[in-house]
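Here the structure comes first, spelled out in structure tokens, and everything after it is commentary.
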Amino acid sequence: MCQTCGCAMKPDVPASVVEVFQNLLADNDRMAVHNRAHFDAHGVLAINLMSSPGAGKTALLEATIAALKSRYRIAVIEGDLETDNDAARIRAQGVPALQITTGTVCHLDAALVHRALHELPLAGIDLLFIENVGNLVCPAGFDLGQHRNVTLLSVTEGDDKPAKYPVIFRASDLVVLSKIDLLGVIDDFQPARAAAALRALGRDTPMICTAARRTLSIDAWLEWLDHELSDRAPVYRPLARHALMQRAGA
Amino acid sequence: MSVCQALLAQVARIAQDRGATAVKRISIELGPLCGVDAGQLEAAFAVMRRGGLAAGAELAIASVGVRVACAACGKESEATPNRLICAACGAYRTRLMAGDELRLMQVELRMPEPRAALPA
């Protein structure tokens with residue numbers, strides 16, 4: 001008999017097998033649903049902004065706030081391992097920003113966002129950006145309660161990123177190419193290749209181009225935001241784990 | 001690591017609710033699109049289970065294949081994590097039927113020995 005599970009012990013000691021069929025992230029998902037209900041109750045559109053470190057999330061938010069703050073009331077929740085540099089940059093734009101420092105955790109989760117919301121009154125907010133920790137792997141798996149997932153891909157990264165990181169790109173409602181003003185000096189990034197890799201993930205996810213520093217080109221992004229905000233009561237359609245759906249229907 | 005924490009918390013709850021003395025075996029199902037790597041979960045488990053009810057538990061991970069249903073022709077076909085196109089008609093819009101599972105399937109518990117029945 002094997003030694004690892006202890007089944008070599010007395011055979012008359014009862015063992016109990018419990019069938020579970022539960023999502024490992026059920027607790028997180030439950031908290032995310034709670035967060036989403038909180039957003040819905042206040043008419044807030046919540047956007048989870050993800051990318052690898054340095055792709056330009058904060059820069060895009062700075063440009064977005066400058067363009068939209070006269071029309072929409074915006075707030076930002078920032079997620080980083082350390083420092084509140086990003087929240088400070090956002091506050092300098094004149095909108096509320098709350099910094100979550102995770103320490104060692106490489107992604108935000110629903111509990112962290114829930115705690116942050118205790119310090120960020122949502123009454124009087126139209127649009128909340130949650131800037132996730134820079135990471136193309138872990139954030140994808142954690143529902144925060146957002147309505148939309150937006151992933152940035154900078155042209156200084158590889159154009160095969162959607163193929164290399166299918167989970168996060170498949171989970172995205174919009175992919176934003178950033179730093180497109182650098183395309184002229186970069187040899188090996190082809191937007192068409194990135195679009196093809198994204199298309200192969202089976203969701204027809206739109207991809208738009210932006211530049212947010214020396215050249216400012218964010219019209220397509222602002223248009224997308226306008227469209228999402230005009231809905232006012234955005235319906236969140238999660239990529240439901242099919243197993244749970246099957247279980248519910250069984 | 002957060003996922004391992006969530007796993008151990010769920011298992012501990014189940015074990016405590018049933019008055020188990022230990023957890024013998026944990027069976028989970030992991031799809032390639034769930035965002036969690038099996039090897040990393042195993043490594044985290046080996047460390048994080050120490051000192052708890054699952055300290056001596058075996059972790060069994062079953063992997064699942066990727067399967068999609070086509071939005072155009074309705075057929076189901078096998079796919080790969082980064083190529084979720086319909087194998088039947090080549091359409092680029094599909095629904096994921098299998099492959100993103102991150103499920104706790106079964107927990108095997110050690111229960112305390114039943115007390116001997118009192119004589120009638």
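By order of appearance in the structure tokens: chains A, B, ..., then residues from 1 within every chain, and ligands from 1 in the order shown.
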
- Item | Spatial neighbours of Arg18 in chain B, 9 Å, only C-alpha atoms, chain gap at least 4 places, as a ChimeraX atom specification | /B:13-14,109,111

- Residues of chain B within 8 Å of chain A, counting only C-alpha atoms, as number ranges by chain: B: 3, 6-7, 10, 24-25, 33-36, 56-58, 81-85, 92-98, 100-113

- Item | Backbone DSSP call of helix (DSSP H, G or I) for range 4-68 of chain B, listed as a count of residues only | 25

- The residue from B:Val68, B:Ala38, B:Val47, B:Leu30 with the smallest atom-to-atom distance to Gln5 in chain B, counting only C-alpha atoms, is B:Val47

- Looking only at the backbone, which of the residues in range 94-201 of chain A does DSSP tag as strand (DSSP E or B), as a PyMOL selection string? chain A and resi 97-101+127-131+148-154+174-178

Could you turn the residues from that selection into a file that holds C-alpha atoms, as a short mmCIF file (atom, residue, chain, number, x, y, z; two decimals), in the first residue's frame?
data_model
loop_
_atom_site.label_atom_id
_atom_site.label_comp_id
_atom_site.auth_asym_id
_atom_site.auth_seq_id
_atom_site.Cartn_x
_atom_site.Cartn_y
_atom_site.Cartn_z
CA ALA A 97 -7.20 57.74 -7.02
CA LEU A 98 -6.69 55.00 -4.48
CA GLN A 99 -3.53 52.91 -4.40
CA ILE A 100 -3.55 49.22 -3.48
CA THR A 101 -0.05 47.93 -2.72
CA LEU A 127 -16.35 55.81 -14.70
CA LEU A 128 -13.97 53.76 -12.55
CA PHE A 129 -10.73 52.43 -13.95
CA ILE A 130 -9.04 49.63 -12.06
CA GLU A 131 -5.43 49.59 -13.20
CA ARG A 148 -15.20 45.29 -19.05
CA ASN A 149 -11.66 43.91 -19.43
CA VAL A 150 -9.26 46.00 -21.50
CA THR A 151 -5.75 44.74 -22.21
CA LEU A 152 -2.98 46.96 -23.55
CA LEU A 153 -0.33 45.65 -25.91
CA SER A 154 2.52 48.01 -26.70
CA LEU A 174 -11.03 45.29 -26.11
CA VAL A 175 -7.33 45.17 -26.94
CA VAL A 176 -5.57 48.51 -27.13
CA LEU A 177 -2.31 48.79 -29.06
CA SER A 178 -0.21 51.45 -27.34
#
